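Visitor: Right, I'll just put the structure down here and ask away after.
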Amino acid sequence: MLEPILSQFLVPGTLVKAERFGSGLINETFLCGFSDSNGVRNYILQHINKSVFKRPDLVMENVAAVTEHLQARLRREGVADPASVTPALVRTRDGRSHLVDGAGEYWRMFHFIETGEVFDIVRDAGHAHEVGRGLGRFQTLVSDLSPGRLHDTLPGFHHTPIYLGELDEAVRKDLHGRRAEARAEVAFVQTRRQLAPLLTDLMESGRIPLRVVHNDPKVNNVLIDRRTGKALCMLDLDTVKPGIVHFDFGDCVRSAANRVGEDARDLDSVAFDRSRYDALREGYLSEASSFLVQQEIDLLPLSVRVITFELGVRFLADHLNGDAYFRAGYAGHNLHRCRVQFRLLERMEQAGL
């Protein structure tokens, strides 16, 4: 089935395997091996989900611009084979960054980074340091890439006031009769509404720089070198677009510093791990301080609270709207996810963040 697709990419050798790979929930991903006189070389083939990415052509223009920029920066730093340490596209036989098949489906291929591995949770402070350093390294490498070169493929993403407005509308309409059971969470939001515009106002006024950011810096998007334990690169570049570094830093800490995760069943187990935060921040700044201005650094702690608040607001709105966006595994799942984020925010406040 995949052979006609694979034959359109510039890959040397003979196909010897093509199997599903990874645990991603959006794109279909396959690990493909090709054999030649030098042995077997692996590649990643992906079928892009058009239900999630409405303009895959624009997504691929962004991915191509960013991956080419990363490779050029690494070559200037003396890296002989950038494709071994950062995502690198394999071009089609007609020189394109992706293939559109006869059914209008989008496909792309990457070189496989053989020495890398990913983890769904942070193992310890050392791992947290490398997660932060990996994010900082990525942002550093793209710090001289003009945000104007990229498309905004996710309009409104991380615009906290928009999400707050959507929640207000969901509370007002109460389409599914769920408002009463979420009374405490709605009140929690009301006492912290002032958080919503703090970052976006600064961004829109130009008081903090617009940069190229990843927008999905979760722990398993940081590839770790299995030989050294050091961060290699950021994966999954579909969400890369113009933004502010705080969207990345805040979300990265939010996902890494809560040991029990977004779906923790026991709210009392939710905690803000200050040691992981400190390690991640140190790793991040070990790379990113080379290009950040002081105001950006000063706002890093605030970003963690804003982004945690934002996700809780999104979960709450989705619960009130009948679980239309986030997939719910059981009745009240998104309300519980909201409660986890709000408990985490409380723990951050108690820790003086």
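In the structure tokens, chains take the letters A, B, ... in the order shown, each chain's residues start at 1, and ligands count up from 1 in the order shown.
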Can you list, as a ChimeraX atom specification, every protein, DNA or RNA residue that comes within 8 Å of His98 of chain A when you count only C-alpha atoms, leaving out same-chain residues fewer than 6 positions away?
Guide: /A:60,91-92,106-109
Visitor: Would you list the contacts of Gly116 of chain A as a list in words, taking every protein, DNA or RNA residue within 6 Å and counting only C-alpha atoms, but skipping same-chain residues closer than 6 positions in sequence?
Guide: Leu223, Ile224, Asp225 and Arg226 of chain A
Visitor: Could you list, as a list in words, every residue within 10 Å of Asn220 of chain A, counting only C-alpha atoms and ignoring same-chain residues fewer than 3 positions away?
Guide: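 Near neighbours after the sequence-gap exclusion: Glu117, Val118, Phe119, Asp120, Ile121, Val122, Val131, Asp216, Pro217, Leu223, Ile224, Met234, Leu235 and Asp236 of chain A.
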Visitor: Go ahead and write the selection's residues with N, CA and C atoms as a PDB file, in the first residue's frame.
Guide:
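After the write, again_20.pdb holds the following:
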ATOM      1  N   GLU A 117      15.754   9.110  21.494  1.00  0.00           N
ATOM      2  CA  GLU A 117      14.599   8.487  22.126  1.00  0.00           C
ATOM      3  C   GLU A 117      13.790   9.565  22.837  1.00  0.00           C
ATOM      4  N   VAL A 118      12.518   9.268  23.061  1.00  0.00           N
ATOM      5  CA  VAL A 118      11.638  10.227  23.731  1.00  0.00           C
ATOM      6  C   VAL A 118      11.017   9.582  24.963  1.00  0.00           C
ATOM      7  N   PHE A 119      10.585  10.436  25.890  1.00  0.00           N
ATOM      8  CA  PHE A 119       9.967   9.995  27.133  1.00  0.00           C
ATOM      9  C   PHE A 119       8.675  10.780  27.327  1.00  0.00           C
ATOM     10  N   ASP A 120       7.650  10.100  27.819  1.00  0.00           N
ATOM     11  CA  ASP A 120       6.364  10.757  28.023  1.00  0.00           C
ATOM     12  C   ASP A 120       6.314  11.570  29.305  1.00  0.00           C
ATOM     13  N   ILE A 121       7.163  11.236  30.257  1.00  0.00           N
ATOM     14  CA  ILE A 121       7.215  11.975  31.523  1.00  0.00           C
ATOM     15  C   ILE A 121       8.658  12.303  31.855  1.00  0.00           C
ATOM     16  N   VAL A 122       8.842  13.333  32.664  1.00  0.00           N
ATOM     17  CA  VAL A 122      10.184  13.705  33.109  1.00  0.00           C
ATOM     18  C   VAL A 122      10.639  12.718  34.184  1.00  0.00           C
ATOM     19  N   VAL A 131      15.322  18.788  28.992  1.00  0.00           N
ATOM     20  CA  VAL A 131      14.101  19.225  28.314  1.00  0.00           C
ATOM     21  C   VAL A 131      14.134  20.740  28.121  1.00  0.00           C
ATOM     22  N   ASP A 216       4.270  23.526  20.883  1.00  0.00           N
ATOM     23  CA  ASP A 216       3.857  22.243  21.468  1.00  0.00           C
ATOM     24  C   ASP A 216       5.066  21.580  22.138  1.00  0.00           C
ATOM     25  N   PRO A 217       5.675  22.270  23.120  1.00  0.00           N
ATOM     26  CA  PRO A 217       6.951  21.790  23.676  1.00  0.00           C
ATOM     27  C   PRO A 217       6.776  20.789  24.817  1.00  0.00           C
ATOM     28  N   LEU A 223      13.739  15.299  21.828  1.00  0.00           N
ATOM     29  CA  LEU A 223      14.470  14.064  21.536  1.00  0.00           C
ATOM     30  C   LEU A 223      15.755  14.033  22.349  1.00  0.00           C
ATOM     31  N   ILE A 224      15.965  12.924  23.058  1.00  0.00           N
ATOM     32  CA  ILE A 224      17.130  12.759  23.928  1.00  0.00           C
ATOM     33  C   ILE A 224      18.083  11.745  23.311  1.00  0.00           C
ATOM     34  N   MET A 234      14.132  19.383  19.010  1.00  0.00           N
ATOM     35  CA  MET A 234      12.686  19.375  19.163  1.00  0.00           C
ATOM     36  C   MET A 234      12.071  18.654  17.970  1.00  0.00           C
ATOM     37  N   LEU A 235      11.047  17.852  18.241  1.00  0.00           N
ATOM     38  CA  LEU A 235      10.326  17.141  17.196  1.00  0.00           C
ATOM     39  C   LEU A 235       8.973  17.807  16.938  1.00  0.00           C
ATOM     40  N   ASP A 236       8.237  17.260  15.968  1.00  0.00           N
ATOM     41  CA  ASP A 236       6.869  17.685  15.668  1.00  0.00           C
ATOM     42  C   ASP A 236       6.772  19.197  15.463  1.00  0.00           C
TER      43      ASP A 236
END
Visitor: Counting only C-alpha atoms, which residue out of A:Met1, A:Val11, A:Ala128, A:Ile113 sits closest to Lys230 of chain A?
Guide: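 Closest to Lys230 of chain A of all the choices is A:Ala128.
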Visitor: In Å, with one decimal, what is the gap from atom CA of Gln341 of chain A to atom CA of Gly261 of chain A?
Guide: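 Going from atom CA of Gln341 of chain A over to atom CA of Gly261 of chain A, I get 9.4 Å.
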Visitor: From a DSSP pass on the backbone, collect the residues of segment 22-167 of chain A flagged as strand (DSSP E or B) and hand them back as a PyMOL selection string.
Guide: chain A and resi 28-36+39-47+89+92+99-100+106-111+116-117
Visitor: I need the residues from that last selection saved to file as a PDB file, in the first residue's frame (with C-alpha atoms), if you can.
Guide:
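Output below, filename part-v7.pdb:
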ATOM      1  CA  GLU A  28      -0.170   8.524  10.721  1.00  0.00           C
ATOM      2  CA  THR A  29       3.504   7.702  11.150  1.00  0.00           C
ATOM      3  CA  PHE A  30       5.514   4.851   9.636  1.00  0.00           C
ATOM      4  CA  LEU A  31       9.128   3.748  10.130  1.00  0.00           C
ATOM      5  CA  CYS A  32      10.517   2.710   6.754  1.00  0.00           C
ATOM      6  CA  GLY A  33      13.828   0.937   6.150  1.00  0.00           C
ATOM      7  CA  PHE A  34      15.754   0.979   2.882  1.00  0.00           C
ATOM      8  CA  SER A  35      18.695  -1.305   2.182  1.00  0.00           C
ATOM      9  CA  ASP A  36      21.712  -0.553  -0.010  1.00  0.00           C
ATOM     10  CA  GLY A  39      23.288  -1.369   5.114  1.00  0.00           C
ATOM     11  CA  VAL A  40      19.773  -0.344   6.166  1.00  0.00           C
ATOM     12  CA  ARG A  41      18.862   3.298   6.657  1.00  0.00           C
ATOM     13  CA  ASN A  42      15.598   4.313   8.307  1.00  0.00           C
ATOM     14  CA  TYR A  43      13.195   7.115   7.451  1.00  0.00           C
ATOM     15  CA  ILE A  44       9.944   8.449   8.873  1.00  0.00           C
ATOM     16  CA  LEU A  45       6.946   8.659   6.545  1.00  0.00           C
ATOM     17  CA  GLN A  46       3.934  10.655   7.712  1.00  0.00           C
ATOM     18  CA  HIS A  47       0.406  11.031   6.408  1.00  0.00           C
ATOM     19  CA  LEU A  89      12.930  16.525   5.158  1.00  0.00           C
ATOM     20  CA  THR A  92      10.205  14.212  -3.534  1.00  0.00           C
ATOM     21  CA  LEU A  99       3.714  14.695  -1.821  1.00  0.00           C
ATOM     22  CA  VAL A 100       0.043  15.166  -2.655  1.00  0.00           C
ATOM     23  CA  TYR A 106      -0.521  14.915   1.972  1.00  0.00           C
ATOM     24  CA  TRP A 107       2.597  12.863   2.718  1.00  0.00           C
ATOM     25  CA  ARG A 108       6.089  13.808   3.860  1.00  0.00           C
ATOM     26  CA  MET A 109       9.288  12.028   4.787  1.00  0.00           C
ATOM     27  CA  PHE A 110      12.024  12.771   7.339  1.00  0.00           C
ATOM     28  CA  HIS A 111      15.429  11.286   7.957  1.00  0.00           C
ATOM     29  CA  GLY A 116      17.335   9.554  19.739  1.00  0.00           C
ATOM     30  CA  GLU A 117      14.599   8.487  22.126  1.00  0.00           C
TER      31      GLU A 117
END
Visitor: Closest to Arg179 of chain A among A:Gln294, A:Ser84, A:Ser255, A:Asn321, using only C-alpha atoms?
Guide: A:Asn321
